[in-house]
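Trainee: Input file: final08.tsv. Contents: TSV, C-alpha atoms and all ligand atoms.
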```tsv
chain	number	residue	atom	x	y	z
A	1	MET	CA	31.44	5.96	12.60
A	2	LEU	CA	30.85	5.15	8.96
A	3	PHE	CA	28.82	2.04	9.43
A	4	LYS	CA	25.81	2.07	7.15
A	5	VAL	CA	22.99	-0.31	6.39
A	6	ARG	CA	21.23	-1.00	3.20
A	7	VAL	CA	18.03	-2.94	3.19
A	8	ASN	CA	16.28	-3.49	-0.09
A	9	HIS	CA	13.87	-6.31	0.25
A	10	ASP	CA	10.65	-5.68	-1.58
A	11	VAL	CA	8.60	-8.26	0.26
A	12	GLU	CA	9.59	-7.02	3.68
A	13	ARG	CA	9.14	-3.44	2.62
A	14	ASP	CA	5.65	-4.07	1.34
A	15	TYR	CA	4.75	-5.99	4.46
A	16	ILE	CA	6.01	-3.20	6.71
A	17	LYS	CA	4.24	-0.59	4.63
A	18	ARG	CA	1.01	-2.50	5.07
A	19	LYS	CA	1.55	-2.63	8.83
A	20	ILE	CA	2.25	1.07	8.91
A	21	ASN	CA	-0.92	1.62	6.98
A	22	ASP	CA	-2.65	-0.39	9.65
A	23	ARG	CA	-1.27	2.26	11.98
A	24	LEU	CA	0.88	-0.08	13.99
A	25	ASP	CA	3.12	2.60	15.47
A	26	ILE	CA	5.26	-0.07	17.00
A	27	LEU	CA	6.88	-0.72	13.61
A	28	ARG	CA	7.41	2.92	12.66
A	29	PRO	CA	11.10	3.18	13.69
A	30	ILE	CA	11.92	0.03	11.74
A	31	TYR	CA	9.98	1.37	8.80
A	32	GLU	CA	12.05	4.53	8.98
A	33	VAL	CA	15.29	2.59	8.85
A	34	ILE	CA	14.27	0.15	6.15
A	35	VAL	CA	12.11	2.26	3.89
A	36	LEU	CA	12.99	5.90	4.45
A	37	LYS	CA	16.65	5.68	5.41
A	38	SER	CA	18.08	2.82	3.44
A	39	SER	CA	21.45	4.45	4.08
A	40	CYS	CA	21.73	5.83	7.56
A	41	PRO	CA	24.52	6.40	10.11
A	42	LEU	CA	24.83	4.02	13.04
A	43	PRO	CA	23.95	6.50	15.84
A	44	GLN	CA	20.69	7.26	14.10
A	45	ILE	CA	19.95	3.55	13.72
A	46	ILE	CA	20.67	3.02	17.41
A	47	ARG	CA	18.34	5.87	18.32
A	48	LEU	CA	15.56	4.52	16.16
A	49	PHE	CA	15.91	1.00	17.49
A	50	THR	CA	16.10	2.23	21.08
A	51	SER	CA	12.89	4.13	20.54
A	52	TRP	CA	11.35	0.99	19.02
A	53	TYR	CA	12.59	-1.21	21.88
A	54	ASN	CA	11.21	1.20	24.48
A	55	THR	CA	7.85	1.25	22.73
A	56	VAL	CA	7.74	-2.55	22.65
A	57	MET	CA	8.83	-2.84	26.29
A	58	LYS	CA	6.25	-0.29	27.36
A	59	ARG	CA	3.53	-2.25	25.65
A	60	ALA	CA	4.78	-5.58	26.95
A	61	LYS	CA	5.21	-4.26	30.49
A	62	VAL	CA	2.86	-5.53	33.11
A	63	ASN	CA	1.44	-2.58	34.89
A	64	ASN	CA	0.06	-1.85	38.31
A	65	TRP	CA	-2.45	0.96	38.62
A	66	LEU	CA	-1.67	3.66	41.14
A	67	SER	CA	-3.89	6.48	42.37
A	68	THR	CA	-2.61	9.98	41.61
A	69	LYS	CA	-3.00	10.66	45.34
A	70	VAL	CA	0.11	8.63	46.17
A	71	GLU	CA	3.70	8.54	44.97
A	72	PRO	CA	6.93	6.77	45.89
A	73	GLN	CA	9.30	8.64	48.20
A	74	GLU	CA	12.18	7.84	50.47
A	75	SER	CA	10.87	6.33	53.68
A	76	GLU	CA	12.64	6.85	57.00
A	77	LYS	CA	11.45	3.51	58.23
A	78	HIS	CA	11.92	1.42	55.12
A	79	GLY	CA	14.23	3.13	52.64
A	80	ARG	CA	11.57	3.48	49.97
A	81	GLY	CA	7.81	3.59	50.31
A	82	VAL	CA	4.59	4.97	48.86
A	83	PHE	CA	3.21	8.16	50.40
A	84	ALA	CA	-0.05	10.08	50.19
A	85	VAL	CA	0.35	13.37	48.34
A	86	SER	CA	-3.33	14.25	48.92
A	87	ASP	CA	-5.77	13.27	51.64
A	88	ILE	CA	-7.37	9.87	50.99
A	89	GLN	CA	-10.83	8.87	52.21
A	90	LYS	CA	-11.56	5.59	53.98
A	91	ASP	CA	-12.16	2.77	51.47
A	92	GLU	CA	-10.80	4.80	48.55
A	93	VAL	CA	-8.88	2.66	46.03
A	94	ILE	CA	-5.14	3.37	46.19
A	95	ALA	CA	-3.68	0.73	43.89
A	96	VAL	CA	-4.62	-2.23	41.74
A	97	PHE	CA	-1.82	-4.74	41.39
A	98	GLY	CA	-1.07	-6.35	38.05
A	99	GLY	CA	1.64	-8.62	36.75
A	100	HIS	CA	2.28	-12.21	35.84
A	101	VAL	CA	0.27	-14.84	37.64
A	102	MET	CA	2.72	-17.49	38.86
A	103	THR	CA	2.77	-20.54	41.06
A	104	ARG	CA	4.69	-20.59	44.33
A	105	GLU	CA	7.37	-22.68	42.65
A	106	GLU	CA	7.74	-20.15	39.82
A	107	ARG	CA	7.83	-17.31	42.33
A	108	ASN	CA	10.52	-19.09	44.35
A	109	ARG	CA	12.71	-19.38	41.27
A	110	LEU	CA	12.81	-15.58	40.81
A	111	PRO	CA	15.69	-13.51	42.22
A	112	GLU	CA	14.86	-12.67	45.83
A	113	ASN	CA	14.58	-8.92	45.20
A	114	VAL	CA	11.89	-9.58	42.57
A	115	GLY	CA	10.13	-12.59	44.11
A	116	CYS	CA	9.55	-10.68	47.35
A	117	LEU	CA	7.38	-8.18	45.43
A	118	ALA	CA	4.84	-10.81	44.36
A	119	LEU	CA	1.46	-10.61	46.05
A	120	GLY	CA	-0.29	-13.80	47.21
A	121	ILE	CA	-3.65	-14.21	45.45
A	122	ASP	CA	-4.42	-17.82	46.38
A	123	ASP	CA	-2.84	-20.64	48.39
A	124	ASP	CA	-0.20	-21.31	45.75
A	125	LEU	CA	-0.64	-18.43	43.32
A	126	PHE	CA	1.02	-15.05	43.19
A	127	ILE	CA	0.85	-11.97	40.98
A	128	GLY	CA	3.71	-9.59	40.33
A	129	PRO	CA	6.71	-8.68	38.23
A	130	MET	CA	9.15	-11.34	37.02
A	131	THR	CA	12.06	-8.99	36.33
A	132	LEU	CA	13.31	-5.78	37.93
A	133	GLU	CA	12.51	-3.96	34.67
A	134	GLU	CA	8.86	-4.83	35.18
A	135	THR	CA	8.63	-3.26	38.62
A	136	ASP	CA	7.00	0.12	39.02
A	137	ASP	CA	6.00	2.62	41.69
A	138	ALA	CA	3.18	0.45	43.08
A	139	ASP	CA	5.59	-2.35	43.99
A	140	TRP	CA	6.95	-0.38	46.95
A	141	PHE	CA	4.12	-0.43	49.49
A	142	ASN	CA	5.72	-1.43	52.78
A	143	HIS	CA	4.45	-3.67	55.53
A	144	SER	CA	3.38	-2.15	58.83
A	145	CYS	CA	1.94	-3.76	61.96
A	146	TYR	CA	-0.24	-0.64	62.22
A	147	PRO	CA	-1.31	-0.21	58.60
A	148	ASN	CA	-3.65	2.37	57.08
A	149	ALA	CA	-4.53	0.29	53.99
A	150	GLY	CA	-5.90	-3.18	53.34
A	151	LEU	CA	-7.02	-5.44	50.52
A	152	TRP	CA	-10.34	-5.64	48.75
A	153	GLY	CA	-10.33	-8.78	46.71
A	154	GLN	CA	-6.98	-10.18	45.73
A	155	ILE	CA	-5.42	-7.24	43.91
A	156	MET	CA	-6.96	-3.99	45.13
A	157	LEU	CA	-5.42	-1.89	47.87
A	158	VAL	CA	-7.82	0.48	49.67
A	159	ALA	CA	-7.59	2.89	52.58
A	160	MET	CA	-8.71	1.25	55.86
A	161	SER	CA	-9.01	4.67	57.45
A	162	GLU	CA	-8.59	8.26	56.36
A	163	ILE	CA	-5.02	8.84	55.26
A	164	ASN	CA	-3.57	12.31	55.52
A	165	LYS	CA	-1.30	13.92	52.96
A	166	GLY	CA	2.30	13.07	53.84
A	167	GLU	CA	1.54	9.74	55.54
A	168	GLU	CA	3.18	6.58	54.28
A	169	VAL	CA	0.63	4.09	52.92
A	170	THR	CA	1.22	0.60	54.28
A	171	PHE	CA	-0.61	-2.67	54.63
A	172	ASP	CA	-0.03	-5.71	56.81
A	173	TYR	CA	1.49	-8.45	54.66
A	174	CYS	CA	-0.47	-11.06	56.64
A	175	MET	CA	-3.52	-9.85	54.68
A	176	SER	CA	-2.23	-11.76	51.66
A	177	CYS	CA	-0.38	-14.65	53.30
A	178	SER	CA	-1.96	-17.76	54.76
A	179	GLN	CA	0.59	-20.50	54.42
A	180	LYS	CA	-0.09	-23.76	56.12
A	181	GLY	CA	2.40	-26.04	57.79
A	182	GLN	CA	5.44	-25.11	59.81
A	183	GLU	CA	5.81	-21.62	61.19
A	184	ARG	CA	8.52	-19.70	59.40
A	185	ILE	CA	9.76	-16.15	60.00
A	186	LEU	CA	9.31	-14.17	56.77
A	187	PHE	CA	11.15	-11.06	57.92
A	188	THR	CA	11.84	-9.00	61.01
A	189	CYS	CA	9.82	-5.81	61.28
A	190	ASP	CA	10.90	-2.45	62.60
A	191	CYS	CA	7.80	-0.46	61.70
A	192	LYS	CA	8.04	1.35	65.05
A	193	SER	CA	4.35	1.02	65.80
A	194	PRO	CA	3.58	0.25	69.47
A	195	ASN	CA	2.08	-3.10	68.47
A	196	CYS	CA	4.94	-4.14	66.17
A	197	ARG	CA	5.12	-7.94	66.03
A	198	LYS	CA	8.88	-7.77	65.29
A	199	LYS	CA	8.92	-11.24	63.76
A	200	ILE	CA	6.46	-11.49	60.87
A	201	THR	CA	5.68	-15.14	60.23
A	202	ASN	CA	3.75	-17.13	57.63
A	203	GLN	CA	1.29	-18.08	60.40
A	204	ASP	CA	0.25	-14.57	61.56
A	205	TRP	CA	-3.11	-14.93	59.78
A	206	LYS	CA	-4.08	-17.45	62.51
A	207	ARG	CA	-3.89	-14.79	65.23
A	208	PRO	CA	-7.38	-13.89	66.52
A	209	ASP	CA	-6.34	-10.28	67.25
A	210	LEU	CA	-5.31	-9.74	63.62
A	211	GLN	CA	-8.34	-11.59	62.27
A	212	LYS	CA	-10.52	-9.14	64.18
A	213	LYS	CA	-8.49	-6.05	63.35
A	214	TYR	CA	-8.36	-6.70	59.60
A	215	LYS	CA	-11.79	-8.24	59.05
A	216	GLY	CA	-12.99	-7.25	55.59
A	217	TYR	CA	-9.46	-6.40	54.44
A	218	PHE	CA	-7.91	-9.86	54.05
A	219	SER	CA	-7.47	-11.30	50.57
A	220	PRO	CA	-10.40	-13.70	49.95
A	221	PHE	CA	-8.24	-16.84	50.08
A	222	VAL	CA	-6.84	-15.80	53.46
A	223	GLN	CA	-10.34	-15.15	54.77
A	224	ARG	CA	-11.41	-18.55	53.42
A	225	ASN	CA	-8.56	-20.21	55.32
A	226	ILE	CA	-9.44	-18.27	58.46
A	227	ASP	CA	-13.09	-19.38	58.17
A	228	ASN	CA	-11.93	-22.98	57.70
A	229	LEU	CA	-10.06	-22.85	61.02
A	230	LYS	CA	-13.35	-22.54	62.88
B	301	ZN	ZN	6.02	-4.02	62.77
```
Please, can you express the file's structure as structure tokens?
Mentor:
Amino acid sequence: MLFKVRVNHDVERDYIKRKINDRLDILRPIYEVIVLKSSCPLPQIIRLFTSWYNTVMKRAKVNNWLSTKVEPQESEKHGRGVFAVSDIQKDEVIAVFGGHVMTREERNRLPENVGCLALGIDDDLFIGPMTLEETDDADWFNHSCYPNAGLWGQIMLVAMSEINKGEEVTFDYCMSCSQKGQERILFTCDCKSPNCRKKITNQDWKRPDLQKKYKGYFSPFVQRNIDNLK
């Protein structure tokens, strides 16, 4: 294609040069188009702008942190999950969840396949991605009724027991859910553990057996609500 661009604007050029001098790499591809390649074929422009866009998106992306001891793999039980690729010690940090902090209402407005990835961090607050593009490997930890990981604080996932290489890392979603009001089934579970609850509800945090089993591994707001029941 013979499409070409010509950009000759002194003010913009000087401004961009200054930014480049400030070592803002983010503007380098634009600088290349405007300053170095004032006449340049379209495919090259597309490549440069794609590179620029990816750089911007990478910087703008909200990231989770994931231990190098785990990685996403296909899960027999769940389709996709996060698995240990090395042995993990009890209480070792496996992931730290990041993202946008949003209210329940904002979370509910997201597409279901994105909203379901948000983690509860307080009664009406969640943290997580707001678009599919913002998801990453740490968004795929599955629920299990017999989990090997739990929460420390609102956003840190740690091993509740030793986890062997090859095991799927899971946590019980009731650790970060303590809705009040009417009981509602959140999803049906087929985790295949002998104690599978089958129907996971928004009221599971009220169960004394789970309160005992996960003590120390509930998100603080859930623990606060449990303490307030007494
Ligand atoms: Zn289950």
Trainee: Could you please extract the residues within 9 Å of ligand ZN 301 (chain B), counting all atoms listed in the file, and hand them back as a PDB file with C-alpha atoms, in the coordinates of the input?
Mentor:
```
ATOM      1  CA  HIS A 143       4.450  -3.670  55.530  1.00  0.00           C
ATOM      2  CA  SER A 144       3.380  -2.150  58.830  1.00  0.00           C
ATOM      3  CA  CYS A 145       1.940  -3.760  61.960  1.00  0.00           C
ATOM      4  CA  TYR A 146      -0.240  -0.640  62.220  1.00  0.00           C
ATOM      5  CA  ASP A 172      -0.030  -5.710  56.810  1.00  0.00           C
ATOM      6  CA  THR A 188      11.840  -9.000  61.010  1.00  0.00           C
ATOM      7  CA  CYS A 189       9.820  -5.810  61.280  1.00  0.00           C
ATOM      8  CA  ASP A 190      10.900  -2.450  62.600  1.00  0.00           C
ATOM      9  CA  CYS A 191       7.800  -0.460  61.700  1.00  0.00           C
ATOM     10  CA  LYS A 192       8.040   1.350  65.050  1.00  0.00           C
ATOM     11  CA  SER A 193       4.350   1.020  65.800  1.00  0.00           C
ATOM     12  CA  PRO A 194       3.580   0.250  69.470  1.00  0.00           C
ATOM     13  CA  ASN A 195       2.080  -3.100  68.470  1.00  0.00           C
ATOM     14  CA  CYS A 196       4.940  -4.140  66.170  1.00  0.00           C
ATOM     15  CA  ARG A 197       5.120  -7.940  66.030  1.00  0.00           C
ATOM     16  CA  LYS A 198       8.880  -7.770  65.290  1.00  0.00           C
ATOM     17  CA  LYS A 199       8.920 -11.240  63.760  1.00  0.00           C
ATOM     18  CA  ILE A 200       6.460 -11.490  60.870  1.00  0.00           C
TER      19      ILE A 200
END
```
Trainee: Rank A:Phe171, A:Phe97, A:Trp65, A:Tyr53 by their smallest atom-to-atom distance to Tyr214 of chain A, using only C-alpha atoms, and report the top residue only.
Mentor: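 For Tyr214 of chain A, the nearest of the candidates is A:Phe171.
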Trainee: Which polymer residues, protein or nucleic acid, are no farther than 10 Å from (-2.9, -13.5, 47.8), counting only C-alpha atoms, as a list in words?
Mentor: Ala118, Leu119, Gly120, Ile121, Asp122, Asp123, Asp124, Leu125, Phe126, Ile127, Leu151, Gly153, Gln154, Ile155, Tyr173, Cys174, Met175, Ser176, Cys177, Ser178, Phe218, Ser219, Pro220, Phe221 and Val222 of chain A
Trainee: I'd like a table as a tab-separated table: residues in segment 148-220 of chain A with an atom no more than 9 Å from segment 70-75 of chain A, each row giving the shortest atom pair and its distance in Å to one decimal, only C-alpha atoms counted, sorted by chain and rising residue number.
Mentor:
```
residue	atom	partner	partner_atom	distance
A:Lys165	CA	A:Val70	CA	8.7
A:Glu168	CA	A:Ser75	CA	7.7
A:Val169	CA	A:Val70	CA	8.2
```
Trainee: Put those residues in a file: C-alpha atoms, as a tab-separated table (two decimals), in the frame of the given file.
Mentor:
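Final output, saved to selection05.tsv:
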```tsv
chain	number	residue	atom	x	y	z
A	165	LYS	CA	-1.30	13.92	52.96
A	168	GLU	CA	3.18	6.58	54.28
A	169	VAL	CA	0.63	4.09	52.92
```
Trainee: Between A:Val101, A:Lys90, A:Ile226, A:Arg184, single out the one closest to Lys212 of chain A, counting only C-alpha atoms.
Mentor: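 Of all the options, A:Ile226 lies closest to Lys212 of chain A.
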Trainee: To one decimal in Å, tell me the separation between atom CA of Trp140 of chain A and atom CA of Arg107 of chain A.
Mentor: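 These two atoms are separated by 17.6 Å.
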